[in-house]
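As stored in model31.pdb (PDB, C-alpha atoms, pLDDT in the B column):
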ATOM      1  CA  MET A   1      93.681  92.218  85.079  1.00 53.00           C
ATOM      2  CA  ASP A   2      91.697  95.460  84.776  1.00 81.00           C
ATOM      3  CA  THR A   3      88.947  94.124  87.060  1.00 84.00           C
ATOM      4  CA  TYR A   4      91.501  93.079  89.682  1.00 85.00           C
ATOM      5  CA  LEU A   5      93.312  96.402  89.462  1.00 89.00           C
ATOM      6  CA  SER A   6      90.041  98.308  89.774  1.00 89.00           C
ATOM      7  CA  ALA A   7      89.006  96.305  92.851  1.00 87.00           C
ATOM      8  CA  ALA A   8      92.477  96.695  94.372  1.00 88.00           C
ATOM      9  CA  ARG A   9      92.485 100.428  93.722  1.00 91.00           C
ATOM     10  CA  ASP A  10      89.098 100.706  95.455  1.00 89.00           C
ATOM     11  CA  LEU A  11      90.575  98.949  98.502  1.00 88.00           C
ATOM     12  CA  VAL A  12      93.560 101.302  98.501  1.00 92.00           C
ATOM     13  CA  VAL A  13      91.388 104.424  98.168  1.00 92.00           C
ATOM     14  CA  GLU A  14      89.110 103.176 100.959  1.00 90.00           C
ATOM     15  CA  GLY A  15      92.151 102.431 103.128  1.00 92.00           C
ATOM     16  CA  MET A  16      93.622 105.891 102.528  1.00 94.00           C
ATOM     17  CA  ARG A  17      90.309 107.487 103.454  1.00 93.00           C
ATOM     18  CA  GLU A  18      89.882 105.351 106.597  1.00 91.00           C
ATOM     19  CA  SER A  19      93.505 105.657 107.755  1.00 93.00           C
ATOM     20  CA  ARG A  20      93.855 109.300 106.737  1.00 95.00           C
ATOM     21  CA  VAL A  21      97.182 108.384 105.129  1.00 95.00           C
ATOM     22  CA  ALA A  22      97.786 110.027 101.765  1.00 95.00           C
ATOM     23  CA  LEU A  23     100.072 107.837  99.683  1.00 96.00           C
ATOM     24  CA  SER A  24     102.109 109.309  96.863  1.00 96.00           C
ATOM     25  CA  ALA A  25     100.937 108.368  93.367  1.00 96.00           C
ATOM     26  CA  ASP A  26     103.839 105.893  93.086  1.00 96.00           C
ATOM     27  CA  LEU A  27     103.042 104.192  96.404  1.00 96.00           C
ATOM     28  CA  GLU A  28      99.323 104.099  95.594  1.00 96.00           C
ATOM     29  CA  TYR A  29     100.013 102.454  92.232  1.00 96.00           C
ATOM     30  CA  HIS A  30     102.507  99.993  93.727  1.00 95.00           C
ATOM     31  CA  LEU A  31     100.056  98.982  96.439  1.00 95.00           C
ATOM     32  CA  ALA A  32      97.095  98.609  94.058  1.00 94.00           C
ATOM     33  CA  SER A  33      99.083  96.640  91.473  1.00 93.00           C
ATOM     34  CA  THR A  34     100.550  94.381  94.161  1.00 91.00           C
ATOM     35  CA  LEU A  35      97.093  93.681  95.588  1.00 89.00           C
ATOM     36  CA  ALA A  36      95.748  92.989  92.089  1.00 89.00           C
ATOM     37  CA  ARG A  37      98.566  90.526  91.396  1.00 86.00           C
ATOM     38  CA  TYR A  38      97.868  88.573  94.581  1.00 80.00           C
ATOM     39  CA  MET A  39      94.114  88.494  93.987  1.00 79.00           C
ATOM     40  CA  HIS A  40      94.731  85.782  91.414  1.00 72.00           C
ATOM     41  CA  ARG A  41      98.109  84.401  92.443  1.00 69.00           C
ATOM     42  CA  PRO A  42      99.048  82.253  95.436  1.00 65.00           C
ATOM     43  CA  LEU A  43     100.869  83.883  98.320  1.00 65.00           C
ATOM     44  CA  ALA A  44     103.470  82.014 100.375  1.00 63.00           C
ATOM     45  CA  PRO A  45     103.820  83.823 103.714  1.00 61.00           C
ATOM     46  CA  ASP A  46     105.929  81.012 105.140  1.00 62.00           C
ATOM     47  CA  ARG A  47     109.670  81.209 105.717  1.00 64.00           C
ATOM     48  CA  LEU A  48     109.936  84.838 104.557  1.00 62.00           C
ATOM     49  CA  THR A  49     113.073  85.521 106.611  1.00 59.00           C
ATOM     50  CA  VAL A  50     114.844  82.419 105.331  1.00 60.00           C
ATOM     51  CA  ARG A  51     113.820  83.182 101.748  1.00 63.00           C
ATOM     52  CA  LEU A  52     115.229  86.728 101.925  1.00 62.00           C
ATOM     53  CA  MET A  53     118.502  85.547 103.483  1.00 61.00           C
ATOM     54  CA  ASP A  54     118.786  82.855 100.815  1.00 66.00           C
ATOM     55  CA  ALA A  55     118.077  85.354  98.032  1.00 63.00           C
ATOM     56  CA  ALA A  56     120.659  87.779  99.436  1.00 62.00           C
ATOM     57  CA  SER A  57     123.336  85.094  99.820  1.00 59.00           C
ATOM     58  CA  ARG A  58     122.768  83.885  96.250  1.00 61.00           C
ATOM     59  CA  ARG A  59     122.701  87.465  94.994  1.00 61.00           C
ATOM     60  CA  ALA A  60     119.334  86.647  93.468  1.00 56.00           C
ATOM     61  CA  ARG A  61     117.600  88.835  90.955  1.00 62.00           C
ATOM     62  CA  GLN A  62     115.944  91.979  92.263  1.00 59.00           C
ATOM     63  CA  GLY A  63     112.553  90.555  91.288  1.00 71.00           C
ATOM     64  CA  GLN A  64     112.866  87.828  93.923  1.00 80.00           C
ATOM     65  CA  SER A  65     113.569  90.376  96.649  1.00 84.00           C
ATOM     66  CA  ARG A  66     110.653  92.494  95.461  1.00 89.00           C
ATOM     67  CA  GLN A  67     108.364  89.451  95.598  1.00 87.00           C
ATOM     68  CA  ILE A  68     109.418  88.834  99.203  1.00 85.00           C
ATOM     69  CA  GLY A  69     108.741  92.490 100.022  1.00 90.00           C
ATOM     70  CA  ASP A  70     105.304  92.245  98.405  1.00 91.00           C
ATOM     71  CA  GLU A  71     104.519  89.054 100.319  1.00 88.00           C
ATOM     72  CA  CYS A  72     105.624  90.665 103.596  1.00 88.00           C
ATOM     73  CA  LEU A  73     103.344  93.637 102.930  1.00 92.00           C
ATOM     74  CA  ILE A  74     100.282  91.530 102.130  1.00 88.00           C
ATOM     75  CA  SER A  75     101.046  89.034 104.917  1.00 84.00           C
ATOM     76  CA  CYS A  76     101.467  91.723 107.580  1.00 87.00           C
ATOM     77  CA  ALA A  77      98.134  93.255 106.584  1.00 88.00           C
ATOM     78  CA  PHE A  78      95.993  90.167 106.091  1.00 83.00           C
ATOM     79  CA  PHE A  79      97.825  87.176 107.611  1.00 79.00           C
ATOM     80  CA  SER A  80      99.217  88.695 110.800  1.00 81.00           C
ATOM     81  CA  ALA A  81      97.784  85.944 112.999  1.00 80.00           C
ATOM     82  CA  ARG A  82      99.493  83.311 110.854  1.00 77.00           C
ATOM     83  CA  LEU A  83     102.829  85.140 110.931  1.00 77.00           C
ATOM     84  CA  VAL A  84     102.751  85.546 114.696  1.00 81.00           C
ATOM     85  CA  ARG A  85     101.592  81.952 115.209  1.00 79.00           C
ATOM     86  CA  GLN A  86     104.647  80.731 113.280  1.00 71.00           C
ATOM     87  CA  GLY A  87     107.007  82.869 115.350  1.00 75.00           C
ATOM     88  CA  GLY A  88     108.175  86.432 115.075  1.00 78.00           C
ATOM     89  CA  THR A  89     106.325  89.695 115.298  1.00 86.00           C
ATOM     90  CA  ILE A  90     104.651  91.969 112.803  1.00 87.00           C
ATOM     91  CA  VAL A  91     107.413  94.515 113.474  1.00 90.00           C
ATOM     92  CA  HIS A  92     109.978  91.889 112.388  1.00 85.00           C
ATOM     93  CA  TYR A  93     108.085  91.073 109.181  1.00 85.00           C
ATOM     94  CA  ALA A  94     107.486  94.743 108.383  1.00 91.00           C
ATOM     95  CA  GLY A  95     111.231  95.388 108.767  1.00 91.00           C
ATOM     96  CA  LEU A  96     111.925  92.339 106.630  1.00 86.00           C
ATOM     97  CA  GLY A  97     109.635  93.718 103.918  1.00 91.00           C
ATOM     98  CA  GLN A  98     111.385  97.065 104.015  1.00 94.00           C
ATOM     99  CA  ALA A  99     114.764  95.332 103.749  1.00 89.00           C
ATOM    100  CA  ALA A 100     113.549  93.218 100.822  1.00 89.00           C
ATOM    101  CA  TYR A 101     112.406  96.313  98.922  1.00 93.00           C
ATOM    102  CA  ALA A 102     115.737  98.022  99.667  1.00 91.00           C
ATOM    103  CA  VAL A 103     117.644  94.983  98.355  1.00 87.00           C
ATOM    104  CA  ALA A 104     115.410  95.106  95.257  1.00 89.00           C
ATOM    105  CA  GLY A 105     116.544  98.676  94.617  1.00 91.00           C
ATOM    106  CA  MET A 106     113.209 100.236  95.612  1.00 94.00           C
ATOM    107  CA  PRO A 107     114.111 102.687  98.402  1.00 95.00           C
ATOM    108  CA  ASP A 108     110.923 104.777  98.035  1.00 96.00           C
ATOM    109  CA  ILE A 109     108.752 101.686  98.375  1.00 96.00           C
ATOM    110  CA  ALA A 110     110.865 100.544 101.358  1.00 96.00           C
ATOM    111  CA  SER A 111     110.396 103.842 103.178  1.00 96.00           C
ATOM    112  CA  GLY A 112     106.684 103.879 102.322  1.00 96.00           C
ATOM    113  CA  PHE A 113     106.115 100.365 103.704  1.00 96.00           C
ATOM    114  CA  PRO A 114     104.616 101.519 107.050  1.00 96.00           C
ATOM    115  CA  ASP A 115     102.165 103.876 105.330  1.00 96.00           C
ATOM    116  CA  MET A 116     101.127 101.220 102.800  1.00 96.00           C
ATOM    117  CA  LEU A 117     100.612  98.760 105.659  1.00 94.00           C
ATOM    118  CA  ASP A 118      98.428 101.273 107.528  1.00 94.00           C
ATOM    119  CA  VAL A 119      96.350 101.767 104.380  1.00 94.00           C
ATOM    120  CA  LEU A 120      95.880  98.024 103.862  1.00 91.00           C
ATOM    121  CA  GLN A 121      94.932  97.435 107.473  1.00 90.00           C
ATOM    122  CA  ALA A 122      92.387 100.264 107.318  1.00 90.00           C
ATOM    123  CA  SER A 123      90.777  99.052 104.080  1.00 84.00           C
ATOM    124  CA  ARG A 124      88.903  96.436 106.105  1.00 66.00           C
ATOM    125  CA  PRO A 125      88.259  93.829 103.452  1.00 63.00           C
ATOM    126  CA  GLN A 126      86.459  90.693 104.516  1.00 56.00           C
ATOM    127  CA  VAL A 127      88.996  87.902 104.908  1.00 54.00           C
ATOM    128  CA  GLU A 128      87.829  84.297 104.946  1.00 56.00           C
ATOM    129  CA  GLU A 129      90.124  81.285 105.295  1.00 56.00           C
ATOM    130  CA  ARG A 130      89.162  78.098 103.441  1.00 60.00           C
ATOM    131  CA  ARG A 131      90.829  74.745 102.916  1.00 62.00           C
ATOM    132  CA  LEU A 132      92.271  74.289  99.464  1.00 58.00           C
ATOM    133  CA  SER A 133      90.186  71.633  97.740  1.00 60.00           C
ATOM    134  CA  ARG A 134      91.815  68.940  95.661  1.00 52.00           C
ATOM    135  CA  VAL A 135      91.206  69.097  91.928  1.00 51.00           C
ATOM    136  CA  ASP A 136      93.315  66.161  90.780  1.00 50.00           C
ATOM    137  CA  GLY A 137      90.401  63.703  90.773  1.00 52.00           C
ATOM    138  CA  THR A 138      92.010  61.166  93.131  1.00 51.00           C
ATOM    139  CA  GLY A 139      89.333  61.608  95.742  1.00 50.00           C
ATOM    140  CA  ALA A 140      91.968  61.982  98.467  1.00 49.00           C
ATOM    141  CA  THR A 141      91.454  64.785 100.904  1.00 48.00           C
ATOM    142  CA  PRO A 142      94.299  67.267 101.434  1.00 45.00           C
ATOM    143  CA  GLU A 143      94.492  66.263 105.111  1.00 47.00           C
ATOM    144  CA  ALA A 144      94.905  62.579 104.222  1.00 47.00           C
ATOM    145  CA  ASP A 145      98.250  63.164 102.554  1.00 46.00           C
ATOM    146  CA  GLY A 146      99.488  65.791 105.016  1.00 46.00           C
ATOM    147  CA  ASP A 147      98.544  68.749 102.819  1.00 46.00           C
ATOM    148  CA  ASP A 148      96.619  71.303 104.866  1.00 49.00           C
ATOM    149  CA  ARG A 149      97.099  74.267 102.553  1.00 52.00           C
ATOM    150  CA  LYS A 150      94.528  76.984 102.832  1.00 52.00           C
ATOM    151  CA  ILE A 151      93.503  79.902 100.687  1.00 53.00           C
ATOM    152  CA  LEU A 152      92.215  83.230 101.835  1.00 52.00           C
ATOM    153  CA  ILE A 153      89.298  84.885 100.144  1.00 57.00           C
ATOM    154  CA  ILE A 154      89.628  88.657 100.315  1.00 57.00           C
ATOM    155  CA  SER A 155      86.557  90.569  99.274  1.00 57.00           C
ATOM    156  CA  SER A 156      85.765  94.215  99.632  1.00 52.00           C
ATOM    157  CA  ARG A 157      82.481  95.963 100.095  1.00 50.00           C
ATOM    158  CA  PHE A 158      82.628  96.991  96.448  1.00 46.00           C
ATOM    159  CA  ARG A 159      81.043  95.258  93.464  1.00 42.00           C
ATOM    160  CA  HIS A 160      82.788  94.991  90.129  1.00 40.00           C
TER     161      HIS A 160
END

Take the structure in the file and write it out as structure tokens.
Amino acid sequence: MDTYLSAARDLVVEGMRESRVALSADLEYHLASTLARYMHRPLAPDRLTVRLMDAASRRARQGQSRQIGDECLISCAFFSARLVRQGGTIVHYAGLGQAAYAVAGMPDIASGFPDMLDVLQASRPQVEERRLSRVDGTGATPEADGDDRKILIISSRFRH
């Protein structure tokens, strides 16, 4: 995790420098640790609005709302074309992320959402979309069984 956190922190520092947005120490840590977590964990930017409404109606744990907030933040920064293509606007998803953090009991993170988003967008990592390859040994392609999942490779200009 240290390598991921170091790479994520470099992206955050670069984004703060490029955007000229100075995040508080808490926001900087939250953003770097969130990026590090999603560098090695799948992200599901689909149905974010429905997932938050479902979590709120079930009075889900705060961790589920935080996860939705994190996914909104990363999705708005790196998957904006996908979000817009599926309907909605970045403003909607940014507001949704703020609401998710508020529901999770993280008001400082909620109010810092726009600044964290500016920092991520300014960090300018290279984003490459690739089809998810099958590893189950069946020889079937993901498209053959209706599975067109993709992964995004996010790499910075830094070496670790």

| message | For the provided coordinates, the residues matched by the PyMOL selection byres ((chain A and resi 83-94) around 10) should be stated as a PyMOL selection string. | response | chain A and resi 45-49+69+71-73+75-82+95-100+110+113-114+117

| task | Can you work out the spacing between CA of Tyr4 in chain A and CA of His40 in chain A in Å, to one decimal? | result |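 So the two atoms, CA of Tyr4 in chain A and CA of His40 in chain A, lie 8.2 Å apart.
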
| Contacts of Met106 in chain A at 12 Å (only C-alpha atoms; same-chain gap of 2+ positions) as a list of chain:residue names |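 In the requested format, the answer is A:Asp26, A:Leu27, A:His30, A:Gln62, A:Gly63, A:Ser65, A:Arg66, A:Gln67, A:Gly69, A:Asp70, A:Gly97, A:Gln98, A:Ala99, A:Ala100, A:Tyr101, A:Ala102, A:Val103, A:Ala104, A:Asp108, A:Ile109, A:Ala110, A:Ser111, A:Gly112, A:Phe113.
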
| task | Could you tell me which of A:Gln64, A:Ser33, A:Ser24, A:Ser19 comes closest to Asp118 in chain A if we count all atoms listed in the file? | result | A:Ser19

| query | Using all atoms listed in the file, which residues sit within 12 Å of Ala32 in chain A once same-chain residues fewer than 6 positions away are excluded, as a list in words? | reply |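 Within the cut-off, the hits are Met1, Asp2, Thr3, Tyr4, Leu5, Ser6, Ala7, Ala8, Arg9, Asp10, Leu11, Val12, Val13, Glu14, Gly15, Met16, Leu23, Ala25, Asp26, Tyr38, Met39, Asp70, Leu73, Ile74, Met116, Val119, Leu120 and Ser123 of chain A.
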
Fill-in result for range 18-34 of chain A, N, CA and C atoms as a CSV table (one decimal), keeping the file's coordinate frame:
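New file selection.csv:
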chain,number,residue,atom,x,y,z
A,18,GLU,N,90.1,105.8,105.2
A,18,GLU,CA,89.9,105.4,106.6
A,18,GLU,C,91.1,105.6,107.5
A,19,SER,N,92.3,105.5,106.9
A,19,SER,CA,93.5,105.7,107.8
A,19,SER,C,94.0,107.1,107.8
A,20,ARG,N,93.4,107.9,106.9
A,20,ARG,CA,93.9,109.3,106.7
A,20,ARG,C,95.3,109.4,106.4
A,21,VAL,N,95.8,108.4,105.6
A,21,VAL,CA,97.2,108.4,105.1
A,21,VAL,C,97.1,108.6,103.6
A,22,ALA,N,97.8,109.7,103.2
A,22,ALA,CA,97.8,110.0,101.8
A,22,ALA,C,99.1,109.5,101.2
A,23,LEU,N,98.9,108.4,100.4
A,23,LEU,CA,100.1,107.8,99.7
A,23,LEU,C,100.4,108.7,98.5
A,24,SER,N,101.7,108.7,98.1
A,24,SER,CA,102.1,109.3,96.9
A,24,SER,C,101.5,108.5,95.7
A,25,ALA,N,101.5,109.1,94.5
A,25,ALA,CA,100.9,108.4,93.4
A,25,ALA,C,101.7,107.1,93.1
A,26,ASP,N,103.0,107.1,93.3
A,26,ASP,CA,103.8,105.9,93.1
A,26,ASP,C,103.5,104.8,94.1
A,27,LEU,N,103.4,105.2,95.4
A,27,LEU,CA,103.0,104.2,96.4
A,27,LEU,C,101.6,103.7,96.2
A,28,GLU,N,100.7,104.5,95.8
A,28,GLU,CA,99.3,104.1,95.6
A,28,GLU,C,99.3,103.1,94.4
A,29,TYR,N,100.0,103.4,93.4
A,29,TYR,CA,100.0,102.5,92.2
A,29,TYR,C,100.7,101.1,92.6
A,30,HIS,N,101.8,101.2,93.3
A,30,HIS,CA,102.5,100.0,93.7
A,30,HIS,C,101.6,99.1,94.6
A,31,LEU,N,100.9,99.7,95.5
A,31,LEU,CA,100.1,99.0,96.4
A,31,LEU,C,98.9,98.4,95.7
A,32,ALA,N,98.2,99.1,94.8
A,32,ALA,CA,97.1,98.6,94.1
A,32,ALA,C,97.5,97.5,93.1
A,33,SER,N,98.6,97.7,92.4
A,33,SER,CA,99.1,96.6,91.5
A,33,SER,C,99.5,95.4,92.2
A,34,THR,N,100.1,95.5,93.4
A,34,THR,CA,100.6,94.4,94.2
A,34,THR,C,99.3,93.6,94.6
